[in-house]
Amino acid sequence: MKLFSDLNLASPIADALRDEGYTTPTPIQAQAIPPILEGKDVLGCAQTGTGKTAAFALPILDILLRQQRDPARRGPVLPRVLVLSPTRELATQITDSFAAYGRHTGLSHTAIFGGVSQFHQVRALHRGVDILVATPGRLMDLMGQGLVNLSAVSIFVLDEADRMLDMGFIQPIRRIASQV
Ligand code: AMP
């Protein structure tokens, strides 16, 4: 069985895994992390609770640490990662995972979802974030108001893609995908 140490993740991520007490990747992590690190597109299927979030969050954090932010760009940091999630509960969980696995990286993240005031979400975008986790409805709403710039996004994740499609999000997903 592979160990996380065999995956050569950057040391701030390896330190966070040590904090979490993880030593061995779950099957979906062992299969998904290497191709994501190579920049390949990955479709992953596994049951709830099998470590899917870390399967994409860990290699994404590693890629962001290796990538320079565009040094010529002025103004707030633009998101380089967009994760779409069907529900606000899942969006919050994903953000919590990025916070835990990224705690030593200095990378920033925020969640955007409906049912609450947009005030704090817009303020976070203005301050700048590396990783944006969003539900499609609120994201489209903020895009319509010209408050989200997705032009720097180079990593796009559809979490629980099957559920988002079941919920009828195909048109918003297409429109969002056309902006990244
Ligand atoms: P998820 O399927 O992403 O919701 O993860 C399910 C639970 O497993 C979460 O509580 C994670 O913190 C935990 N977890 C994820 N990967 C590992 C791992 N490699 N070793 C131990 N626990 C893990």
# chains A, B, ... in the order shown; residues from 1 in each chain; ligands from 1

$ select_by_dssp --residues "range 4-174 of chain A" --states "helix (DSSP H, G or I)" --output "JSON, numbers by chain"
{"A": [4, 5, 6, 7, 11, 12, 13, 14, 15, 16, 17, 18, 19, 20, 27, 28, 29, 30, 31, 32, 33, 34, 35, 36, 37, 52, 53, 54, 55, 56, 57, 58, 59, 60, 61, 62, 63, 64, 65, 66, 88, 89, 90, 91, 92, 93, 94, 95, 96, 97, 98, 99, 100, 101, 119, 120, 121, 122, 123, 124, 125, 126, 127, 136, 137, 138, 139, 140, 141, 142, 143, 144, 161, 162, 163, 164, 165, 166, 170, 171, 172, 173, 174]}

$ select_by_dssp --residues "chain A" --states "strand (DSSP E)" --output "list in words"
Val81, Leu82, Val83, Leu84, His109, Thr110, Ala111, Ile112, Ile131, Leu132, Val133, Ala134, Ile155, Phe156, Val157 and Leu158 of chain A

$ residues_around --residues "Gln93 in chain A" --least-positions-apart "5" --cutoff "9 Å" --atoms "only C-alpha atoms" --output "list in words"
Thr53, Arg88 and Phe98 of chain A

$ closest_residue --among "A:Leu84, A:Pro59, A:Leu90, A:Val42" --to "ligand 1" --atoms "only C-alpha atoms and all ligand atoms"
A:Leu90

$ residues_near_ligand --ligand "ligand 1" --cutoff "12 Å" --atoms "only C-alpha atoms and all ligand atoms" --output "mmCIF file with all heavy atoms, in the first residue's frame"
data_model
loop_
_atom_site.group_PDB
_atom_site.id
_atom_site.type_symbol
_atom_site.label_atom_id
_atom_site.label_comp_id
_atom_site.auth_asym_id
_atom_site.auth_seq_id
_atom_site.Cartn_x
_atom_site.Cartn_y
_atom_site.Cartn_z
ATOM 1 N N MET A 1 0.850 -1.208 0.000
ATOM 2 C CA MET A 1 0.000 0.000 0.000
ATOM 3 C C MET A 1 0.877 1.246 0.000
ATOM 4 O O MET A 1 1.832 1.335 0.756
ATOM 5 C CB MET A 1 -0.914 -0.054 1.230
ATOM 6 C CG MET A 1 -1.824 1.151 1.437
ATOM 7 S SD MET A 1 -3.001 1.482 0.110
ATOM 8 C CE MET A 1 -4.457 0.656 0.734
ATOM 9 N N LYS A 2 0.529 2.182 -0.870
ATOM 10 C CA LYS A 2 1.253 3.463 -0.935
ATOM 11 C C LYS A 2 1.076 4.278 0.347
ATOM 12 O O LYS A 2 0.054 4.174 1.012
ATOM 13 C CB LYS A 2 0.640 4.295 -2.069
ATOM 14 C CG LYS A 2 1.479 4.361 -3.286
ATOM 15 C CD LYS A 2 0.878 5.401 -4.228
ATOM 16 C CE LYS A 2 1.743 5.459 -5.464
ATOM 17 N NZ LYS A 2 1.119 6.083 -6.582
ATOM 18 N N LEU A 3 2.044 5.105 0.632
ATOM 19 C CA LEU A 3 1.913 6.055 1.745
ATOM 20 C C LEU A 3 1.831 7.458 1.160
ATOM 21 O O LEU A 3 2.285 7.694 0.029
ATOM 22 C CB LEU A 3 3.134 5.972 2.671
ATOM 23 C CG LEU A 3 3.356 4.634 3.370
ATOM 24 C CD1 LEU A 3 4.679 4.643 4.128
ATOM 25 C CD2 LEU A 3 2.200 4.316 4.318
ATOM 26 N N PHE A 4 1.311 8.409 1.959
ATOM 27 C CA PHE A 4 1.284 9.791 1.480
ATOM 28 C C PHE A 4 2.693 10.272 1.174
ATOM 29 O O PHE A 4 2.906 11.040 0.241
ATOM 30 C CB PHE A 4 0.617 10.719 2.506
ATOM 31 C CG PHE A 4 -0.880 10.768 2.368
ATOM 32 C CD1 PHE A 4 -1.698 10.309 3.374
ATOM 33 C CD2 PHE A 4 -1.463 11.272 1.210
ATOM 34 C CE1 PHE A 4 -3.079 10.346 3.241
ATOM 35 C CE2 PHE A 4 -2.848 11.318 1.069
ATOM 36 C CZ PHE A 4 -3.648 10.850 2.087
ATOM 37 N N SER A 5 3.668 9.792 1.940
ATOM 38 C CA SER A 5 5.046 10.245 1.704
ATOM 39 C C SER A 5 5.547 9.827 0.315
ATOM 40 O O SER A 5 6.440 10.473 -0.235
ATOM 41 C CB SER A 5 5.965 9.728 2.804
ATOM 42 O OG SER A 5 5.753 8.356 3.007
ATOM 43 N N ALA A 14 2.267 17.995 3.523
ATOM 44 C CA ALA A 14 2.664 16.814 4.304
ATOM 45 C C ALA A 14 2.538 17.098 5.798
ATOM 46 O O ALA A 14 2.090 16.239 6.568
ATOM 47 C CB ALA A 14 4.098 16.418 3.940
ATOM 48 N N ALA A 16 0.393 19.170 7.206
ATOM 49 C CA ALA A 16 -1.040 19.172 7.548
ATOM 50 C C ALA A 16 -1.562 17.741 7.643
ATOM 51 O O ALA A 16 -2.377 17.428 8.521
ATOM 52 C CB ALA A 16 -1.827 19.960 6.503
ATOM 53 N N LEU A 17 -1.084 16.861 6.770
ATOM 54 C CA LEU A 17 -1.526 15.459 6.831
ATOM 55 C C LEU A 17 -1.058 14.826 8.134
ATOM 56 O O LEU A 17 -1.787 14.042 8.750
ATOM 57 C CB LEU A 17 -0.973 14.679 5.627
ATOM 58 C CG LEU A 17 -1.587 15.074 4.283
ATOM 59 C CD1 LEU A 17 -0.865 14.378 3.133
ATOM 60 C CD2 LEU A 17 -3.070 14.701 4.252
ATOM 61 N N ARG A 18 0.136 15.199 8.560
ATOM 62 C CA ARG A 18 0.632 14.698 9.841
ATOM 63 C C ARG A 18 -0.255 15.214 10.973
ATOM 64 O O ARG A 18 -0.653 14.463 11.857
ATOM 65 C CB ARG A 18 2.093 15.130 10.032
ATOM 66 C CG ARG A 18 2.885 14.151 10.882
ATOM 67 C CD ARG A 18 4.390 14.396 10.780
ATOM 68 N NE ARG A 18 4.898 14.331 9.426
ATOM 69 C CZ ARG A 18 5.515 15.326 8.785
ATOM 70 N NH1 ARG A 18 5.710 16.496 9.364
ATOM 71 N NH2 ARG A 18 5.949 15.164 7.546
ATOM 72 N N ASP A 19 -0.619 16.509 10.904
ATOM 73 C CA ASP A 19 -1.523 17.073 11.922
ATOM 74 C C ASP A 19 -2.839 16.293 11.971
ATOM 75 O O ASP A 19 -3.411 16.084 13.041
ATOM 76 C CB ASP A 19 -1.893 18.532 11.600
ATOM 77 C CG ASP A 19 -0.702 19.474 11.594
ATOM 78 O OD1 ASP A 19 0.356 19.103 12.143
ATOM 79 O OD2 ASP A 19 -0.832 20.588 11.043
ATOM 80 N N GLU A 20 -3.346 15.930 10.773
ATOM 81 C CA GLU A 20 -4.634 15.224 10.704
ATOM 82 C C GLU A 20 -4.509 13.762 11.117
ATOM 83 O O GLU A 20 -5.512 13.089 11.321
ATOM 84 C CB GLU A 20 -5.181 15.262 9.267
ATOM 85 C CG GLU A 20 -5.533 16.644 8.741
ATOM 86 C CD GLU A 20 -6.765 17.242 9.404
ATOM 87 O OE1 GLU A 20 -7.746 16.515 9.602
ATOM 88 O OE2 GLU A 20 -6.729 18.447 9.746
ATOM 89 N N GLY A 21 -3.268 13.267 11.151
ATOM 90 C CA GLY A 21 -3.053 11.852 11.478
ATOM 91 C C GLY A 21 -3.259 10.915 10.308
ATOM 92 O O GLY A 21 -3.474 9.717 10.501
ATOM 93 N N TYR A 22 -3.203 11.433 9.070
ATOM 94 C CA TYR A 22 -3.359 10.566 7.897
ATOM 95 C C TYR A 22 -1.981 10.053 7.470
ATOM 96 O O TYR A 22 -1.063 10.842 7.287
ATOM 97 C CB TYR A 22 -3.910 11.309 6.682
ATOM 98 C CG TYR A 22 -5.263 11.966 6.809
ATOM 99 C CD1 TYR A 22 -5.757 12.710 5.741
ATOM 100 C CD2 TYR A 22 -6.032 11.847 7.943
ATOM 101 C CE1 TYR A 22 -6.981 13.336 5.817
ATOM 102 C CE2 TYR A 22 -7.260 12.469 8.027
ATOM 103 C CZ TYR A 22 -7.728 13.217 6.967
ATOM 104 O OH TYR A 22 -8.932 13.839 7.034
ATOM 105 N N THR A 23 -1.875 8.770 7.270
ATOM 106 C CA THR A 23 -0.607 8.220 6.758
ATOM 107 C C THR A 23 -0.801 7.542 5.398
ATOM 108 O O THR A 23 0.060 7.620 4.529
ATOM 109 C CB THR A 23 -0.032 7.163 7.722
ATOM 110 O OG1 THR A 23 -1.083 6.243 8.038
ATOM 111 C CG2 THR A 23 0.496 7.802 8.995
ATOM 112 N N THR A 24 -1.966 6.917 5.221
ATOM 113 C CA THR A 24 -2.196 6.110 4.020
ATOM 114 C C THR A 24 -3.318 6.701 3.193
ATOM 115 O O THR A 24 -4.407 6.963 3.723
ATOM 116 C CB THR A 24 -2.604 4.676 4.437
ATOM 117 O OG1 THR A 24 -1.708 4.243 5.442
ATOM 118 C CG2 THR A 24 -2.553 3.728 3.253
ATOM 119 N N PRO A 25 -3.091 6.935 1.897
ATOM 120 C CA PRO A 25 -4.185 7.427 1.050
ATOM 121 C C PRO A 25 -5.286 6.378 0.930
ATOM 122 O O PRO A 25 -4.998 5.177 0.889
ATOM 123 C CB PRO A 25 -3.522 7.650 -0.314
ATOM 124 C CG PRO A 25 -2.065 7.542 -0.106
ATOM 125 C CD PRO A 25 -1.840 6.763 1.143
ATOM 126 N N THR A 26 -6.523 6.816 0.862
ATOM 127 C CA THR A 26 -7.632 5.899 0.578
ATOM 128 C C THR A 26 -7.519 5.511 -0.903
ATOM 129 O O THR A 26 -6.787 6.155 -1.663
ATOM 130 C CB THR A 26 -8.988 6.579 0.853
ATOM 131 O OG1 THR A 26 -9.156 7.648 -0.081
ATOM 132 C CG2 THR A 26 -9.071 7.123 2.278
ATOM 133 N N PRO A 27 -8.247 4.485 -1.350
ATOM 134 C CA PRO A 27 -8.115 4.057 -2.755
ATOM 135 C C PRO A 27 -8.356 5.188 -3.761
ATOM 136 O O PRO A 27 -7.578 5.344 -4.709
ATOM 137 C CB PRO A 27 -9.151 2.937 -2.887
ATOM 138 C CG PRO A 27 -9.214 2.337 -1.510
ATOM 139 C CD PRO A 27 -9.048 3.503 -0.564
ATOM 140 N N ILE A 28 -9.396 6.010 -3.545
ATOM 141 C CA ILE A 28 -9.628 7.074 -4.539
ATOM 142 C C ILE A 28 -8.500 8.107 -4.495
ATOM 143 O O ILE A 28 -8.113 8.667 -5.525
ATOM 144 C CB ILE A 28 -11.021 7.729 -4.412
ATOM 145 C CG1 ILE A 28 -11.238 8.666 -5.604
ATOM 146 C CG2 ILE A 28 -11.219 8.476 -3.095
ATOM 147 C CD1 ILE A 28 -12.627 8.844 -6.057
ATOM 148 N N GLN A 29 -7.933 8.341 -3.330
ATOM 149 C CA GLN A 29 -6.801 9.281 -3.240
ATOM 150 C C GLN A 29 -5.575 8.704 -3.952
ATOM 151 O O GLN A 29 -4.898 9.414 -4.705
ATOM 152 C CB GLN A 29 -6.488 9.579 -1.772
ATOM 153 C CG GLN A 29 -7.590 10.375 -1.081
ATOM 154 C CD GLN A 29 -7.500 10.366 0.425
ATOM 155 O OE1 GLN A 29 -6.608 9.756 1.016
ATOM 156 N NE2 GLN A 29 -8.442 11.052 1.073
ATOM 157 N N ALA A 30 -5.294 7.429 -3.722
ATOM 158 C CA ALA A 30 -4.111 6.810 -4.350
ATOM 159 C C ALA A 30 -4.244 6.824 -5.869
ATOM 160 O O ALA A 30 -3.253 6.980 -6.593
ATOM 161 C CB ALA A 30 -3.943 5.375 -3.846
ATOM 162 N N ILE A 33 -4.759 11.231 -7.070
ATOM 163 C CA ILE A 33 -3.763 12.281 -6.815
ATOM 164 C C ILE A 33 -2.653 12.304 -7.883
ATOM 165 O O ILE A 33 -2.371 13.387 -8.433
ATOM 166 C CB ILE A 33 -3.211 12.186 -5.366
ATOM 167 C CG1 ILE A 33 -4.336 12.550 -4.371
ATOM 168 C CG2 ILE A 33 -2.009 13.122 -5.170
ATOM 169 C CD1 ILE A 33 -3.996 12.334 -2.906
ATOM 170 N N GLY A 44 -13.805 10.959 -10.921
ATOM 171 C CA GLY A 44 -13.715 10.015 -9.812
ATOM 172 C C GLY A 44 -15.080 9.605 -9.315
ATOM 173 O O GLY A 44 -15.967 10.444 -9.174
ATOM 174 N N CYS A 45 -15.252 8.312 -9.063
ATOM 175 C CA CYS A 45 -16.506 7.812 -8.493
ATOM 176 C C CYS A 45 -16.178 7.000 -7.251
ATOM 177 O O CYS A 45 -15.416 6.037 -7.338
ATOM 178 C CB CYS A 45 -17.227 6.874 -9.453
ATOM 179 S SG CYS A 45 -17.720 7.622 -10.994
ATOM 180 N N ALA A 46 -16.731 7.384 -6.129
ATOM 181 C CA ALA A 46 -16.545 6.601 -4.904
ATOM 182 C C ALA A 46 -17.646 7.003 -3.941
ATOM 183 O O ALA A 46 -18.207 8.095 -4.044
ATOM 184 C CB ALA A 46 -15.178 6.875 -4.288
ATOM 185 N N GLN A 47 -17.952 6.105 -3.004
ATOM 186 C CA GLN A 47 -19.032 6.392 -2.060
ATOM 187 C C GLN A 47 -18.662 7.527 -1.123
ATOM 188 O O GLN A 47 -17.484 7.843 -0.956
ATOM 189 C CB GLN A 47 -19.320 5.138 -1.238
ATOM 190 C CG GLN A 47 -20.062 4.097 -2.052
ATOM 191 C CD GLN A 47 -20.435 2.892 -1.234
ATOM 192 O OE1 GLN A 47 -19.872 2.653 -0.172
ATOM 193 N NE2 GLN A 47 -21.389 2.132 -1.735
ATOM 194 N N THR A 48 -19.696 8.078 -0.492
ATOM 195 C CA THR A 48 -19.486 9.131 0.516
ATOM 196 C C THR A 48 -18.605 8.590 1.640
ATOM 197 O O THR A 48 -18.717 7.417 2.009
ATOM 198 C CB THR A 48 -20.858 9.539 1.104
ATOM 199 O OG1 THR A 48 -21.731 9.828 0.021
ATOM 200 C CG2 THR A 48 -20.732 10.758 1.987
ATOM 201 N N GLY A 49 -17.722 9.447 2.132
ATOM 202 C CA GLY A 49 -16.901 9.044 3.275
ATOM 203 C C GLY A 49 -15.643 8.286 2.906
ATOM 204 O O GLY A 49 -14.977 7.724 3.771
ATOM 205 N N THR A 50 -15.298 8.280 1.620
ATOM 206 C CA THR A 50 -14.112 7.526 1.191
ATOM 207 C C THR A 50 -12.929 8.440 0.902
ATOM 208 O O THR A 50 -11.928 8.000 0.339
ATOM 209 C CB THR A 50 -14.432 6.688 -0.068
ATOM 210 O OG1 THR A 50 -15.040 7.558 -1.031
ATOM 211 C CG2 THR A 50 -15.371 5.547 0.244
ATOM 212 N N GLY A 51 -13.067 9.726 1.268
ATOM 213 C CA GLY A 51 -11.920 10.620 1.125
ATOM 214 C C GLY A 51 -11.831 11.329 -0.208
ATOM 215 O O GLY A 51 -10.754 11.751 -0.633
ATOM 216 N N LYS A 52 -12.997 11.529 -0.857
ATOM 217 C CA LYS A 52 -12.975 12.196 -2.174
ATOM 218 C C LYS A 52 -12.508 13.643 -2.081
ATOM 219 O O LYS A 52 -11.830 14.129 -2.982
ATOM 220 C CB LYS A 52 -14.382 12.174 -2.808
ATOM 221 C CG LYS A 52 -14.626 10.941 -3.649
ATOM 222 C CD LYS A 52 -15.988 11.002 -4.326
ATOM 223 C CE LYS A 52 -17.096 10.835 -3.312
ATOM 224 N NZ LYS A 52 -18.438 10.843 -3.884
ATOM 225 N N THR A 53 -12.892 14.326 -1.013
ATOM 226 C CA THR A 53 -12.533 15.747 -0.921
ATOM 227 C C THR A 53 -11.010 15.911 -0.915
ATOM 228 O O THR A 53 -10.459 16.714 -1.666
ATOM 229 C CB THR A 53 -13.157 16.395 0.331
ATOM 230 O OG1 THR A 53 -14.513 15.976 0.410
ATOM 231 C CG2 THR A 53 -13.093 17.902 0.259
ATOM 232 N N ALA A 54 -10.337 15.132 -0.068
ATOM 233 C CA ALA A 54 -8.871 15.221 -0.034
ATOM 234 C C ALA A 54 -8.270 14.741 -1.351
ATOM 235 O O ALA A 54 -7.192 15.204 -1.749
ATOM 236 C CB ALA A 54 -8.322 14.404 1.130
ATOM 237 N N ALA A 55 -8.971 13.831 -2.049
ATOM 238 C CA ALA A 55 -8.441 13.315 -3.323
ATOM 239 C C ALA A 55 -8.259 14.441 -4.325
ATOM 240 O O ALA A 55 -7.343 14.398 -5.151
ATOM 241 C CB ALA A 55 -9.374 12.236 -3.890
ATOM 242 N N PHE A 56 -9.119 15.480 -4.271
ATOM 243 C CA PHE A 56 -8.860 16.617 -5.178
ATOM 244 C C PHE A 56 -8.194 17.784 -4.452
ATOM 245 O O PHE A 56 -7.382 18.498 -5.025
ATOM 246 C CB PHE A 56 -10.111 17.041 -5.962
ATOM 247 C CG PHE A 56 -11.279 17.601 -5.169
ATOM 248 C CD1 PHE A 56 -11.277 18.919 -4.729
ATOM 249 C CD2 PHE A 56 -12.395 16.833 -4.909
ATOM 250 C CE1 PHE A 56 -12.360 19.455 -4.031
ATOM 251 C CE2 PHE A 56 -13.491 17.346 -4.200
ATOM 252 C CZ PHE A 56 -13.464 18.670 -3.757
ATOM 253 N N ALA A 57 -8.503 17.986 -3.147
ATOM 254 C CA ALA A 57 -7.959 19.160 -2.451
ATOM 255 C C ALA A 57 -6.434 19.078 -2.300
ATOM 256 O O ALA A 57 -5.744 20.090 -2.479
ATOM 257 C CB ALA A 57 -8.614 19.313 -1.088
ATOM 258 N N LEU A 58 -5.913 17.901 -1.981
ATOM 259 C CA LEU A 58 -4.458 17.798 -1.746
ATOM 260 C C LEU A 58 -3.645 18.106 -3.004
ATOM 261 O O LEU A 58 -2.740 18.948 -2.960
ATOM 262 C CB LEU A 58 -4.099 16.413 -1.182
ATOM 263 C CG LEU A 58 -4.703 16.074 0.188
ATOM 264 C CD1 LEU A 58 -4.424 14.621 0.558
ATOM 265 C CD2 LEU A 58 -4.162 17.010 1.263
ATOM 266 N N GLU A 89 -24.216 23.125 2.362
ATOM 267 C CA GLU A 89 -23.587 22.273 3.384
ATOM 268 C C GLU A 89 -22.307 21.657 2.834
ATOM 269 O O GLU A 89 -21.260 21.670 3.489
ATOM 270 C CB GLU A 89 -24.533 21.135 3.827
ATOM 271 C CG GLU A 89 -25.727 21.580 4.639
ATOM 272 C CD GLU A 89 -26.836 22.222 3.778
ATOM 273 O OE1 GLU A 89 -26.829 22.044 2.541
ATOM 274 O OE2 GLU A 89 -27.695 22.918 4.354
ATOM 275 N N LEU A 90 -22.401 21.145 1.612
ATOM 276 C CA LEU A 90 -21.207 20.534 1.020
ATOM 277 C C LEU A 90 -20.141 21.602 0.740
ATOM 278 O O LEU A 90 -18.949 21.379 0.978
ATOM 279 C CB LEU A 90 -21.580 19.776 -0.255
ATOM 280 C CG LEU A 90 -20.445 18.974 -0.899
ATOM 281 C CD1 LEU A 90 -19.882 17.924 0.047
ATOM 282 C CD2 LEU A 90 -20.918 18.305 -2.190
ATOM 283 N N ALA A 91 -20.575 22.780 0.275
ATOM 284 C CA ALA A 91 -19.610 23.858 0.001
ATOM 285 C C ALA A 91 -18.847 24.210 1.280
ATOM 286 O O ALA A 91 -17.626 24.413 1.257
ATOM 287 C CB ALA A 91 -20.332 25.090 -0.547
ATOM 288 N N THR A 92 -19.562 24.245 2.407
ATOM 289 C CA THR A 92 -18.904 24.559 3.682
ATOM 290 C C THR A 92 -17.915 23.462 4.066
ATOM 291 O O THR A 92 -16.802 23.734 4.510
ATOM 292 C CB THR A 92 -19.972 24.727 4.789
ATOM 293 O OG1 THR A 92 -20.929 25.677 4.328
ATOM 294 C CG2 THR A 92 -19.375 25.221 6.077
ATOM 295 N N GLN A 93 -18.326 22.201 3.870
ATOM 296 C CA GLN A 93 -17.415 21.081 4.194
ATOM 297 C C GLN A 93 -16.156 21.121 3.342
ATOM 298 O O GLN A 93 -15.048 20.866 3.821
ATOM 299 C CB GLN A 93 -18.106 19.743 3.925
ATOM 300 C CG GLN A 93 -19.076 19.307 4.993
ATOM 301 C CD GLN A 93 -19.854 18.062 4.555
ATOM 302 O OE1 GLN A 93 -19.331 17.213 3.820
ATOM 303 N NE2 GLN A 93 -21.090 17.950 4.982
ATOM 304 N N ILE A 94 -16.334 21.445 2.054
ATOM 305 C CA ILE A 94 -15.165 21.480 1.157
ATOM 306 C C ILE A 94 -14.221 22.600 1.600
ATOM 307 O O ILE A 94 -12.998 22.416 1.658
ATOM 308 C CB ILE A 94 -15.618 21.694 -0.308
ATOM 309 C CG1 ILE A 94 -16.493 20.542 -0.787
ATOM 310 C CG2 ILE A 94 -14.403 21.847 -1.222
ATOM 311 C CD1 ILE A 94 -17.247 20.845 -2.074
ATOM 312 N N THR A 95 -14.792 23.750 1.938
ATOM 313 C CA THR A 95 -13.958 24.873 2.395
ATOM 314 C C THR A 95 -13.225 24.491 3.679
ATOM 315 O O THR A 95 -12.045 24.818 3.845
ATOM 316 C CB THR A 95 -14.828 26.122 2.641
ATOM 317 O OG1 THR A 95 -15.722 26.250 1.557
ATOM 318 C CG2 THR A 95 -13.992 27.375 2.713
ATOM 319 N N ASP A 96 -13.918 23.789 4.585
ATOM 320 C CA ASP A 96 -13.265 23.344 5.823
ATOM 321 C C ASP A 96 -12.089 22.411 5.513
ATOM 322 O O ASP A 96 -11.048 22.461 6.171
ATOM 323 C CB ASP A 96 -14.266 22.608 6.740
ATOM 324 C CG ASP A 96 -15.311 23.549 7.331
ATOM 325 O OD1 ASP A 96 -15.124 24.778 7.258
ATOM 326 O OD2 ASP A 96 -16.325 23.047 7.862
ATOM 327 N N SER A 97 -12.270 21.559 4.497
ATOM 328 C CA SER A 97 -11.175 20.645 4.137
ATOM 329 C C SER A 97 -9.991 21.425 3.580
ATOM 330 O O SER A 97 -8.838 21.158 3.945
ATOM 331 C CB SER A 97 -11.636 19.619 3.091
ATOM 332 O OG SER A 97 -12.617 18.788 3.637
ATOM 333 N N PHE A 98 -10.253 22.411 2.696
ATOM 334 C CA PHE A 98 -9.141 23.219 2.176
ATOM 335 C C PHE A 98 -8.449 23.957 3.321
ATOM 336 O O PHE A 98 -7.227 24.101 3.328
ATOM 337 C CB PHE A 98 -9.628 24.209 1.105
ATOM 338 C CG PHE A 98 -9.676 23.619 -0.277
ATOM 339 C CD1 PHE A 98 -10.885 23.319 -0.887
ATOM 340 C CD2 PHE A 98 -8.507 23.374 -0.989
ATOM 341 C CE1 PHE A 98 -10.933 22.778 -2.165
ATOM 342 C CE2 PHE A 98 -8.537 22.824 -2.265
ATOM 343 C CZ PHE A 98 -9.753 22.527 -2.859
ATOM 344 N N ALA A 99 -9.261 24.406 4.310
ATOM 345 C CA ALA A 99 -8.667 25.110 5.457
ATOM 346 C C ALA A 99 -7.753 24.163 6.232
ATOM 347 O O ALA A 99 -6.643 24.539 6.624
ATOM 348 C CB ALA A 99 -9.773 25.647 6.357
ATOM 349 N N ALA A 100 -8.211 22.926 6.450
ATOM 350 C CA ALA A 100 -7.411 21.972 7.243
ATOM 351 C C ALA A 100 -6.152 21.547 6.484
ATOM 352 O O ALA A 100 -5.038 21.642 7.006
ATOM 353 C CB ALA A 100 -8.265 20.748 7.583
ATOM 354 N N TYR A 101 -6.322 21.123 5.240
ATOM 355 C CA TYR A 101 -5.160 20.598 4.489
ATOM 356 C C TYR A 101 -4.229 21.719 4.041
ATOM 357 O O TYR A 101 -3.059 21.495 3.773
ATOM 358 C CB TYR A 101 -5.614 19.791 3.265
ATOM 359 C CG TYR A 101 -6.610 18.696 3.579
ATOM 360 C CD1 TYR A 101 -7.698 18.444 2.736
ATOM 361 C CD2 TYR A 101 -6.478 17.909 4.723
ATOM 362 C CE1 TYR A 101 -8.622 17.453 3.029
ATOM 363 C CE2 TYR A 101 -7.403 16.920 5.024
ATOM 364 C CZ TYR A 101 -8.468 16.701 4.170
ATOM 365 O OH TYR A 101 -9.384 15.721 4.463
ATOM 366 N N ASP A 159 -17.929 18.988 -7.807
ATOM 367 C CA ASP A 159 -18.077 17.992 -6.755
ATOM 368 C C ASP A 159 -19.507 17.471 -6.790
ATOM 369 O O ASP A 159 -20.446 18.240 -6.989
ATOM 370 C CB ASP A 159 -17.744 18.598 -5.385
ATOM 371 C CG ASP A 159 -17.421 17.513 -4.361
ATOM 372 O OD1 ASP A 159 -17.282 16.337 -4.766
ATOM 373 O OD2 ASP A 159 -17.314 17.824 -3.180
ATOM 374 N N GLU A 160 -19.651 16.169 -6.613
ATOM 375 C CA GLU A 160 -20.962 15.520 -6.721
ATOM 376 C C GLU A 160 -21.648 15.972 -8.012
ATOM 377 O O GLU A 160 -22.787 16.459 -8.007
ATOM 378 C CB GLU A 160 -21.806 15.792 -5.471
ATOM 379 C CG GLU A 160 -21.096 15.300 -4.216
ATOM 380 C CD GLU A 160 -22.018 14.883 -3.089
ATOM 381 O OE1 GLU A 160 -23.236 15.115 -3.168
ATOM 382 O OE2 GLU A 160 -21.499 14.306 -2.118
#

$ residues_around --residues "range 145-156 of chain A" --least-positions-apart "2" --cutoff "7 Å" --atoms "only C-alpha atoms" --output "VMD selection string"
chain A and resid 78 to 83 141 to 143 158 179 to 180

$ residues_around --residues "Leu139 in chain A" --least-positions-apart "3" --cutoff "9 Å" --atoms "only C-alpha atoms" --output "VMD selection string"
chain A and resid 112 to 114 134 to 136 142 to 144 148 176

$ closest_residue --among "A:Thr110, A:Thr87, A:Ala124, A:His104" --to "Arg163 in chain A" --atoms "only C-alpha atoms"
A:Thr87

$ closest_residue --among "A:Val157, A:Pro71, A:Pro12, A:Ser85" --to "Leu43 in chain A" --atoms "only C-alpha atoms"
A:Val157

$ residues_around --residues "Arg66 in chain A" --least-positions-apart "2" --cutoff "12 Å" --atoms "only C-alpha atoms" --output "PyMOL selection string"
chain A and resi 9-12+37+59-64+68-69+105+107

$ closest_residue --among "A:Gly106, A:Gly128, A:Gly39, A:Gly115" --to "Val77 in chain A" --atoms "only C-alpha atoms"
A:Gly128
